[in-house]
file data_15.cif (mmCIF, C-alpha atoms)
data_target
loop_
_atom_site.group_PDB
_atom_site.id
_atom_site.type_symbol
_atom_site.label_atom_id
_atom_site.label_comp_id
_atom_site.auth_asym_id
_atom_site.auth_seq_id
_atom_site.Cartn_x
_atom_site.Cartn_y
_atom_site.Cartn_z
ATOM 1 C CA MET A 1 -5.888 22.289 26.272
ATOM 2 C CA GLY A 2 -8.582 20.291 28.062
ATOM 3 C CA LYS A 3 -7.836 17.805 30.822
ATOM 4 C CA LEU A 4 -8.751 14.743 28.748
ATOM 5 C CA GLN A 5 -6.823 15.707 25.628
ATOM 6 C CA ARG A 6 -3.370 14.988 27.057
ATOM 7 C CA PRO A 7 -4.135 11.444 28.341
ATOM 8 C CA LEU A 8 -5.848 10.601 25.049
ATOM 9 C CA PHE A 9 -2.747 11.677 23.151
ATOM 10 C CA TYR A 10 -0.498 9.669 25.476
ATOM 11 C CA LEU A 11 -2.678 6.600 24.864
ATOM 12 C CA LEU A 12 -2.310 7.236 21.142
ATOM 13 C CA ILE A 13 1.483 7.206 21.481
ATOM 14 C CA LEU A 14 1.388 4.068 23.627
ATOM 15 C CA PHE A 15 -0.747 2.171 21.109
ATOM 16 C CA LEU A 16 1.031 3.587 18.071
ATOM 17 C CA PRO A 17 2.568 0.239 16.971
ATOM 18 C CA THR A 18 -0.667 -1.712 17.402
ATOM 19 C CA GLN A 19 -3.010 -2.715 14.594
ATOM 20 C CA LEU A 20 -6.252 -3.547 16.356
ATOM 21 C CA THR A 21 -8.709 -2.902 13.544
ATOM 22 C CA LYS A 22 -12.159 -3.499 12.166
ATOM 23 C CA HIS A 23 -12.294 -4.108 8.412
ATOM 24 C CA PHE A 24 -15.374 -3.397 6.329
ATOM 25 C CA TRP A 25 -15.945 -5.100 3.000
ATOM 26 C CA PRO A 26 -18.199 -3.148 0.627
ATOM 27 C CA ASP A 27 -18.387 -4.178 -3.016
ATOM 28 C CA TRP A 28 -15.788 -1.622 -4.073
ATOM 29 C CA ALA A 29 -13.243 -3.258 -1.748
ATOM 30 C CA MET A 30 -13.388 -6.436 -3.841
ATOM 31 C CA VAL A 31 -11.391 -7.260 -6.963
ATOM 32 C CA GLY A 32 -12.787 -10.213 -8.859
ATOM 33 C CA GLY A 33 -14.682 -11.264 -5.748
ATOM 34 C CA ILE A 34 -11.473 -11.299 -3.679
ATOM 35 C CA ARG A 35 -11.088 -9.043 -0.651
ATOM 36 C CA VAL A 36 -8.269 -6.508 -1.001
ATOM 37 C CA ASP A 37 -6.930 -5.124 2.264
ATOM 38 C CA TYR A 38 -5.730 -1.758 0.988
ATOM 39 C CA LEU A 39 -9.161 -1.005 -0.522
ATOM 40 C CA SER A 40 -11.064 -1.934 2.627
ATOM 41 C CA PRO A 41 -12.263 0.893 4.897
ATOM 42 C CA THR A 42 -10.528 0.152 8.170
ATOM 43 C CA VAL A 43 -11.089 1.633 11.608
ATOM 44 C CA TYR A 44 -8.072 1.355 13.899
ATOM 45 C CA LEU A 45 -8.026 1.747 17.655
ATOM 46 C CA THR A 46 -5.694 4.682 17.072
ATOM 47 C CA ASP A 47 -8.312 6.212 14.748
ATOM 48 C CA LEU A 48 -10.826 6.145 17.586
ATOM 49 C CA LEU A 49 -8.322 7.862 19.873
ATOM 50 C CA VAL A 50 -7.593 10.541 17.272
ATOM 51 C CA VAL A 51 -11.286 11.135 16.564
ATOM 52 C CA GLY A 52 -12.000 11.298 20.293
ATOM 53 C CA LEU A 53 -9.215 13.838 20.681
ATOM 54 C CA LEU A 54 -10.538 15.970 17.825
ATOM 55 C CA ILE A 55 -14.075 15.810 19.228
ATOM 56 C CA LEU A 56 -12.800 17.086 22.578
ATOM 57 C CA VAL A 57 -10.967 19.908 20.813
ATOM 58 C CA ALA A 58 -14.073 20.825 18.808
ATOM 59 C CA ALA A 59 -16.257 20.765 21.922
ATOM 60 C CA GLU A 60 -13.802 23.008 23.755
ATOM 61 C CA ARG A 61 -13.654 25.482 20.878
ATOM 62 C CA LEU A 62 -17.438 25.595 20.599
ATOM 63 C CA GLY A 63 -17.663 26.283 24.310
ATOM 64 C CA GLU A 64 -15.193 29.146 23.967
ATOM 65 C CA ARG A 65 -17.078 30.682 21.057
ATOM 66 C CA LYS A 66 -20.178 31.110 23.167
ATOM 67 C CA SER A 67 -18.384 33.520 25.472
ATOM 68 C CA LEU A 68 -15.733 34.923 23.122
ATOM 69 C CA PHE A 69 -17.670 35.050 19.857
ATOM 70 C CA LYS A 70 -17.148 38.750 19.202
ATOM 71 C CA SER A 71 -13.427 38.744 19.904
ATOM 72 C CA LEU A 72 -12.826 35.600 17.858
ATOM 73 C CA SER A 73 -14.843 37.019 14.982
ATOM 74 C CA ALA A 74 -12.742 40.158 15.010
ATOM 75 C CA ILE A 75 -9.486 38.190 15.021
ATOM 76 C CA THR A 76 -10.645 35.842 12.270
ATOM 77 C CA PHE A 77 -12.090 38.286 9.781
ATOM 78 C CA ARG A 78 -10.267 41.556 10.473
ATOM 79 C CA GLY A 79 -6.640 42.582 10.738
ATOM 80 C CA PRO A 80 -3.522 40.901 9.352
ATOM 81 C CA ILE A 81 -3.854 37.765 11.476
ATOM 82 C CA GLY A 82 -7.376 37.166 10.251
ATOM 83 C CA ARG A 83 -6.411 37.648 6.603
ATOM 84 C CA GLN A 84 -3.532 35.212 7.007
ATOM 85 C CA ASN A 85 -5.840 32.594 8.499
ATOM 86 C CA VAL A 86 -8.279 33.079 5.637
ATOM 87 C CA ARG A 87 -5.476 32.505 3.118
ATOM 88 C CA VAL A 88 -4.477 29.293 4.871
ATOM 89 C CA ILE A 89 -8.069 28.062 4.953
ATOM 90 C CA LEU A 90 -8.562 28.900 1.277
ATOM 91 C CA GLY A 91 -5.317 27.133 0.385
ATOM 92 C CA LEU A 92 -6.311 23.985 2.259
ATOM 93 C CA ALA A 93 -9.797 24.060 0.764
ATOM 94 C CA GLY A 94 -8.300 24.416 -2.710
ATOM 95 C CA GLY A 95 -5.995 21.468 -2.090
ATOM 96 C CA LEU A 96 -8.880 19.305 -0.903
ATOM 97 C CA ILE A 97 -10.968 20.265 -3.922
ATOM 98 C CA PHE A 98 -8.071 19.435 -6.253
ATOM 99 C CA LEU A 99 -7.561 16.033 -4.618
ATOM 100 C CA SER A 100 -11.307 15.384 -4.616
ATOM 101 C CA LEU A 101 -11.491 16.008 -8.358
ATOM 102 C CA GLY A 102 -8.778 13.410 -8.863
ATOM 103 C CA VAL A 103 -10.624 10.954 -6.645
ATOM 104 C CA VAL A 104 -13.924 11.483 -8.488
ATOM 105 C CA GLY A 105 -12.268 10.538 -11.759
ATOM 106 C CA SER A 106 -10.657 7.402 -10.341
ATOM 107 C CA ILE A 107 -11.800 3.820 -10.851
ATOM 108 C CA ARG A 108 -12.830 3.431 -7.197
ATOM 109 C CA PRO A 109 -13.848 6.888 -5.956
ATOM 110 C CA LEU A 110 -15.238 5.677 -2.624
ATOM 111 C CA ALA A 111 -11.913 4.085 -1.737
ATOM 112 C CA GLY A 112 -10.223 7.326 -2.731
ATOM 113 C CA PHE A 113 -12.507 9.427 -0.546
ATOM 114 C CA TYR A 114 -11.794 7.120 2.379
ATOM 115 C CA LYS A 115 -8.044 7.662 1.938
ATOM 116 C CA LEU A 116 -8.656 11.394 1.598
ATOM 117 C CA LEU A 117 -10.548 11.333 4.885
ATOM 118 C CA LYS A 118 -7.570 9.617 6.515
ATOM 119 C CA LEU A 119 -5.320 12.345 5.137
ATOM 120 C CA VAL A 120 -7.530 14.999 6.734
ATOM 121 C CA GLU A 121 -7.429 13.077 10.016
ATOM 122 C CA PHE A 122 -3.619 12.997 10.044
ATOM 123 C CA PHE A 123 -3.417 16.659 9.083
ATOM 124 C CA LEU A 124 -5.711 17.720 11.928
ATOM 125 C CA LEU A 125 -3.760 15.579 14.383
ATOM 126 C CA GLY A 126 -0.483 17.114 13.218
ATOM 127 C CA LEU A 127 -1.946 20.592 13.549
ATOM 128 C CA TRP A 128 -3.106 19.830 17.088
ATOM 129 C CA VAL A 129 0.319 18.474 18.075
ATOM 130 C CA LYS A 130 2.002 21.552 16.608
ATOM 131 C CA ASN A 131 -0.227 23.894 18.594
ATOM 132 C CA ASN A 132 0.042 21.955 21.867
ATOM 133 C CA PHE A 133 3.537 20.463 21.788
ATOM 134 C CA VAL A 134 4.863 22.480 24.727
ATOM 135 C CA ALA A 135 1.817 21.663 26.866
ATOM 136 C CA LEU A 136 2.198 17.948 26.100
ATOM 137 C CA LEU A 137 5.312 17.716 28.292
ATOM 138 C CA PRO A 138 7.794 16.337 25.722
ATOM 139 C CA CYS A 139 9.707 14.673 28.573
ATOM 140 C CA CYS A 140 6.808 12.191 28.867
ATOM 141 C CA LEU A 141 6.760 11.285 25.186
ATOM 142 C CA VAL A 142 10.141 9.523 25.067
ATOM 143 C CA PRO A 143 9.353 7.152 27.993
ATOM 144 C CA LEU A 144 6.096 6.228 26.259
ATOM 145 C CA LEU A 145 7.942 5.616 23.000
ATOM 146 C CA SER A 146 10.434 3.521 24.974
ATOM 147 C CA LEU A 147 7.577 1.351 26.213
ATOM 148 C CA THR A 148 6.403 0.833 22.634
ATOM 149 C CA ILE A 149 9.907 -0.267 21.647
ATOM 150 C CA ILE A 150 10.100 -2.681 24.583
ATOM 151 C CA TYR A 151 6.800 -4.472 24.037
ATOM 152 C CA SER A 152 7.227 -4.527 20.250
ATOM 153 C CA SER A 153 10.718 -6.003 20.637
ATOM 154 C CA LEU A 154 9.554 -8.676 23.064
ATOM 155 C CA ILE A 155 6.759 -9.704 20.704
ATOM 156 C CA ALA A 156 9.184 -9.747 17.767
ATOM 157 C CA TRP A 157 11.695 -11.947 19.585
ATOM 158 C CA GLY A 158 8.916 -14.293 20.669
ATOM 159 C CA GLN A 159 7.817 -14.650 17.049
ATOM 160 C CA PHE A 160 11.378 -15.168 15.831
ATOM 161 C CA LEU A 161 12.134 -17.868 18.398
ATOM 162 C CA ARG A 162 8.794 -19.577 17.879
ATOM 163 C CA GLN A 163 8.853 -19.048 14.105
ATOM 164 C CA GLY A 164 5.223 -18.045 14.191
ATOM 165 C CA SER A 165 2.738 -15.692 15.791
ATOM 166 C CA LEU A 166 2.238 -15.781 19.557
ATOM 167 C CA GLY A 167 -1.552 -15.409 19.521
ATOM 168 C CA GLY A 168 -3.675 -14.953 22.612
ATOM 169 C CA LEU A 169 -3.534 -11.463 24.082
ATOM 170 C CA PHE A 170 -1.222 -10.261 21.329
ATOM 171 C CA TRP A 171 -3.970 -10.802 18.762
ATOM 172 C CA TRP A 172 -5.802 -7.924 20.434
ATOM 173 C CA LEU A 173 -2.767 -5.731 19.839
ATOM 174 C CA GLY A 174 -3.047 -6.420 16.130
ATOM 175 C CA GLU A 175 -0.699 -9.374 15.736
ATOM 176 C CA ARG A 176 -1.512 -11.336 12.611
ATOM 177 C CA THR A 177 -1.815 -15.118 12.648
ATOM 178 C CA PHE A 178 1.012 -16.755 10.701
ATOM 179 C CA THR A 179 3.748 -19.374 10.740
ATOM 180 C CA SER A 180 7.010 -19.694 8.860
ATOM 181 C CA SER A 181 5.173 -21.768 6.225
ATOM 182 C CA THR A 182 2.384 -19.232 5.608
ATOM 183 C CA PRO A 183 2.293 -18.349 1.877
ATOM 184 C CA GLY A 184 3.818 -14.948 1.181
ATOM 185 C CA ILE A 185 5.301 -14.585 4.657
ATOM 186 C CA ALA A 186 8.557 -12.624 4.931
ATOM 187 C CA GLN A 187 11.541 -14.924 5.387
ATOM 188 C CA VAL A 188 15.321 -14.809 5.354
ATOM 189 C CA VAL A 189 17.867 -17.477 4.428
ATOM 190 C CA LEU A 190 20.470 -18.204 7.121
ATOM 191 C CA ASN A 191 22.987 -20.982 6.539
ATOM 192 C CA GLY A 192 20.794 -22.434 3.834
ATOM 193 C CA GLN A 193 17.683 -22.518 6.040
ATOM 194 C CA LEU A 194 14.583 -20.337 5.852
ATOM 195 C CA PHE A 195 13.681 -18.337 8.945
ATOM 196 C CA LEU A 196 10.638 -16.205 9.639
ATOM 197 C CA ARG A 197 11.306 -12.479 9.887
ATOM 198 C CA PRO A 198 9.354 -11.141 12.893
ATOM 199 C CA TYR A 199 6.453 -8.768 12.372
ATOM 200 C CA ALA A 200 5.569 -7.883 15.989
ATOM 201 C CA THR A 201 2.257 -6.012 15.580
ATOM 202 C CA PHE A 202 3.285 -4.311 12.344
ATOM 203 C CA SER A 203 2.196 -5.136 8.813
ATOM 204 C CA HIS A 204 5.693 -6.181 7.681
ATOM 205 C CA PRO A 205 9.191 -6.637 9.167
ATOM 206 C CA ASN A 206 10.386 -3.678 7.097
ATOM 207 C CA VAL A 207 7.786 -1.475 8.795
ATOM 208 C CA LEU A 208 8.909 -2.753 12.198
ATOM 209 C CA GLY A 209 12.497 -1.979 11.223
ATOM 210 C CA GLY A 210 11.531 1.495 10.058
ATOM 211 C CA TYR A 211 9.774 2.230 13.342
ATOM 212 C CA LEU A 212 12.780 1.059 15.359
ATOM 213 C CA ALA A 213 15.214 2.980 13.164
ATOM 214 C CA THR A 214 13.182 6.146 13.730
ATOM 215 C CA VAL A 215 12.485 5.935 17.455
ATOM 216 C CA ILE A 216 15.794 4.536 18.778
ATOM 217 C CA PRO A 217 17.856 7.618 17.775
ATOM 218 C CA LEU A 218 15.184 9.829 19.331
ATOM 219 C CA ILE A 219 15.552 7.967 22.631
ATOM 220 C CA ILE A 220 19.353 8.195 22.488
ATOM 221 C CA THR A 221 19.208 11.971 22.110
ATOM 222 C CA GLN A 222 17.211 12.181 25.349
ATOM 223 C CA ILE A 223 19.554 10.035 27.462
ATOM 224 C CA SER A 224 21.734 12.998 28.395
ATOM 225 C CA ASN A 225 18.716 14.926 29.711
ATOM 226 C CA VAL A 226 18.177 12.575 32.669
ATOM 227 C CA LYS A 227 19.361 13.849 36.052
ATOM 228 C CA SER A 228 20.956 11.124 38.128
ATOM 229 C CA GLN A 229 19.913 12.786 41.408
ATOM 230 C CA ASN A 230 16.244 12.011 40.860
ATOM 231 C CA TYR A 231 15.160 8.414 41.518
ATOM 232 C CA SER A 232 12.149 8.571 39.211
ATOM 233 C CA LEU A 233 14.348 9.900 36.454
ATOM 234 C CA ASN A 234 16.760 7.028 37.109
ATOM 235 C CA LEU A 235 13.920 4.615 36.421
ATOM 236 C CA ILE A 236 13.178 6.486 33.219
ATOM 237 C CA ALA A 237 16.847 6.226 32.254
ATOM 238 C CA ILE A 238 16.757 2.461 32.829
ATOM 239 C CA LEU A 239 13.602 2.272 30.722
ATOM 240 C CA LYS A 240 15.306 4.156 27.912
ATOM 241 C CA MET A 241 18.450 2.022 28.055
ATOM 242 C CA LEU A 242 16.369 -1.164 27.988
ATOM 243 C CA ALA A 243 14.442 0.160 25.001
ATOM 244 C CA ILE A 244 17.674 0.965 23.158
ATOM 245 C CA PHE A 245 19.189 -2.462 23.888
ATOM 246 C CA LEU A 246 16.087 -4.415 22.883
ATOM 247 C CA GLY A 247 15.398 -2.115 19.952
ATOM 248 C CA VAL A 248 18.856 -2.508 18.427
ATOM 249 C CA ALA A 249 18.734 -6.293 18.888
ATOM 250 C CA THR A 250 15.294 -6.420 17.287
ATOM 251 C CA LEU A 251 16.368 -4.140 14.460
ATOM 252 C CA PHE A 252 18.967 -6.749 13.550
ATOM 253 C CA ILE A 253 16.476 -9.635 13.294
ATOM 254 C CA THR A 254 14.115 -7.647 11.070
ATOM 255 C CA PHE A 255 16.751 -8.184 8.352
ATOM 256 C CA SER A 256 15.656 -4.933 6.745
ATOM 257 C CA ARG A 257 18.774 -3.511 5.114
ATOM 258 C CA ALA A 258 17.193 -0.104 4.615
ATOM 259 C CA ALA A 259 16.275 0.012 8.316
ATOM 260 C CA TRP A 260 19.809 -1.073 9.234
ATOM 261 C CA LEU A 261 21.242 1.779 7.171
ATOM 262 C CA VAL A 262 18.855 4.454 8.440
ATOM 263 C CA GLY A 263 19.034 3.210 12.019
ATOM 264 C CA GLY A 264 22.831 3.050 11.962
ATOM 265 C CA ILE A 265 23.140 6.595 10.643
ATOM 266 C CA GLY A 266 20.555 7.845 13.128
ATOM 267 C CA ILE A 267 22.248 6.145 16.085
ATOM 268 C CA ILE A 268 25.658 7.548 15.136
ATOM 269 C CA LEU A 269 24.324 11.079 14.677
ATOM 270 C CA SER A 270 22.273 10.972 17.882
ATOM 271 C CA GLY A 271 25.327 9.719 19.772
ATOM 272 C CA LEU A 272 27.406 12.606 18.439
ATOM 273 C CA LEU A 273 24.719 15.206 19.156
ATOM 274 C CA PRO A 274 25.796 15.887 22.786
ATOM 275 C CA SER A 275 29.348 16.559 21.580
ATOM 276 C CA PHE A 276 28.044 18.989 18.978
ATOM 277 C CA ARG A 277 25.975 20.784 21.615
ATOM 278 C CA LYS A 278 28.925 20.988 23.984
ATOM 279 C CA ALA A 279 31.204 22.342 21.270
ATOM 280 C CA LYS A 280 28.574 24.908 20.309
ATOM 281 C CA LYS A 281 28.244 26.110 23.909
ATOM 282 C CA GLU A 282 32.014 26.398 24.271
ATOM 283 C CA SER A 283 32.279 28.385 21.048
ATOM 284 C CA LYS A 284 29.573 30.769 22.282
ATOM 285 C CA LYS A 285 31.416 31.271 25.572
ATOM 286 C CA ARG A 286 34.646 32.017 23.753
ATOM 287 C CA SER A 287 32.967 34.476 21.416
ATOM 288 C CA SER A 288 31.297 36.277 24.318
#

call {"tool": "encode", "arguments": {"input": "data_15.cif", "output": "structure tokens"}}
result
Amino acid sequence: MGKLQRPLFYLLILFLPTQLTKHFWPDWAMVGGIRVDYLSPTVYLTDLLVVGLLILVAAERLGERKSLFKSLSAITFRGPIGRQNVRVILGLAGGLIFLSLGVVGSIRPLAGFYKLLKLVEFFLLGLWVKNNFVALLPCCLVPLLSLTIIYSSLIAWGQFLRQGSLGGLFWWLGERTFTSSTPGIAQVVLNGQLFLRPYATFSHPNVLGGYLATVIPLIITQISNVKSQNYSLNLIAILKMLAIFLGVATLFITFSRAAWLVGGIGIILSGLLPSFRKAKKESKKRSS
């Protein structure tokens, strides 16, 4: 893995909750002359990071092929490993062709091809993460995710207390401009009064709740891995605890019942995980 690939991926994780985007409005993104967000080709900041990462990977592979062309050709086209790779490539190509045929027959094929391109982007990113997960230093991922929880929670609480968007710098993170009286805005009734449900930088409070419900249990599972003897790790532990506290509090004010359910189950299971591991180790010792 190249030197620039790891920091690009860490930036991607750090900006994962953000929605800094550029929308494009071709004719096929309009319905009755009205702009429709989900039909609009959109370039996110995270898309640029992913594309930059994939370009670096492609450049590195091309550089390797110049010196290792013969050996790579032998591995790819001969022997069991090569045949297996060919089957995978043919399977993926067949899947893309099948999806493309469905897109061609759709009402808005260009919008479909754009979504198909996004699918390819996510697949390539997932493949890269799978192949480089150990080299990415997983211990660094949870602190970065903790930072995303912290700044998303602070933005969400600011919106909830203000009953509107914060604006300013947060607009550059993808915060949408809204107030509690904006038509179609997500609200909740408390004691007979309508309150704005916070969005943070997400597209909807339910999405914010889903993100919190997914990441908080992951952070909890890593708490036990911190060694108290190391000062830097102590700071990381404080960061994680702060993320958990703010995340749980923010999860509550999203008023997403599905996120409450999933987050509650995840938190309980992640809290019990160390006990399961300890019991498993003890059973192995007894059996040996």

call {"tool": "atom_distance", "arguments": {"input": "data_15.cif", "atom1": "atom CA of A:Leu169", "atom2": "atom CA of A:Thr250"}}
result
20.6 Å

call {"tool": "residues_around", "arguments": {"input": "data_15.cif", "residues": "stretch 148-162 of chain A", "least_positions_apart": "5", "cutoff": "7 Å", "atoms": "all atoms listed in the file", "output": "list in words"}}
result
Leu14, Pro17, Leu196, Arg197, Pro198, Tyr199, Ala200, Thr201, Ala243, Leu246, Gly247 and Thr250 of chain A

call {"tool": "residues_around", "arguments": {"input": "data_15.cif", "residues": "stretch 106-110 of chain A", "least_positions_apart": "3", "cutoff": "10 Å", "atoms": "all atoms listed in the file", "output": "list in words"}}
result
Pro26, Trp28, Ala29, Leu39, Pro41, Ser100, Leu101, Gly102, Val103, Phe113, Tyr114, Lys115 and Leu116 of chain A

call {"tool": "atom_distance", "arguments": {"input": "data_15.cif", "atom1": "atom CA of A:Val207", "atom2": "atom CA of A:Val142"}}
result
19.8 Å

call {"tool": "closest_residue", "arguments": {"input": "data_15.cif", "among": "A:Leu54, A:Leu119, A:Ala111, A:Ala258", "to": "A:Tyr38", "atoms": "all atoms listed in the file"}}
result
A:Ala111

call {"tool": "resolve_selection", "arguments": {"input": "data_15.cif", "expression": "the PyMOL selection byres ((chain A and resi 217) around 12)", "output": "PyMOL selection string"}}
result
chain A and resi 142+145-146+149+210-216+218-223+240-241+243-245+247-248+262-273

call {"tool": "atom_distance", "arguments": {"input": "data_15.cif", "atom1": "atom CA of A:Ala249", "atom2": "atom CA of A:Trp171"}}
result
23.1 Å

call {"tool": "closest_residue", "arguments": {"input": "data_15.cif", "among": "A:Leu190, A:Leu20, A:Leu235, A:Phe178", "to": "A:Ile253", "atoms": "all atoms listed in the file"}}
result
A:Leu190

call {"tool": "resolve_selection", "arguments": {"input": "data_15.cif", "expression": "the PyMOL selection byres ((chain A and resi 176) around 10)", "output": "PyMOL selection string"}}
result
chain A and resi 19-20+164-167+170-175+177-179+199-203

call {"tool": "closest_residue", "arguments": {"input": "data_15.cif", "among": "A:His204, A:Arg257, A:Lys130, A:Lys118", "to": "A:Val51", "atoms": "all atoms listed in the file"}}
result
A:Lys118

call {"tool": "closest_residue", "arguments": {"input": "data_15.cif", "among": "A:Gly184, A:Gly52, A:Gly112, A:Pro205", "to": "A:Leu125", "atoms": "all atoms listed in the file"}}
result
A:Gly52

call {"tool": "closest_residue", "arguments": {"input": "data_15.cif", "among": "A:Phe24, A:Val188, A:Val57, A:Ile97", "to": "A:Asn131", "atoms": "only C-alpha atoms"}}
result
A:Val57
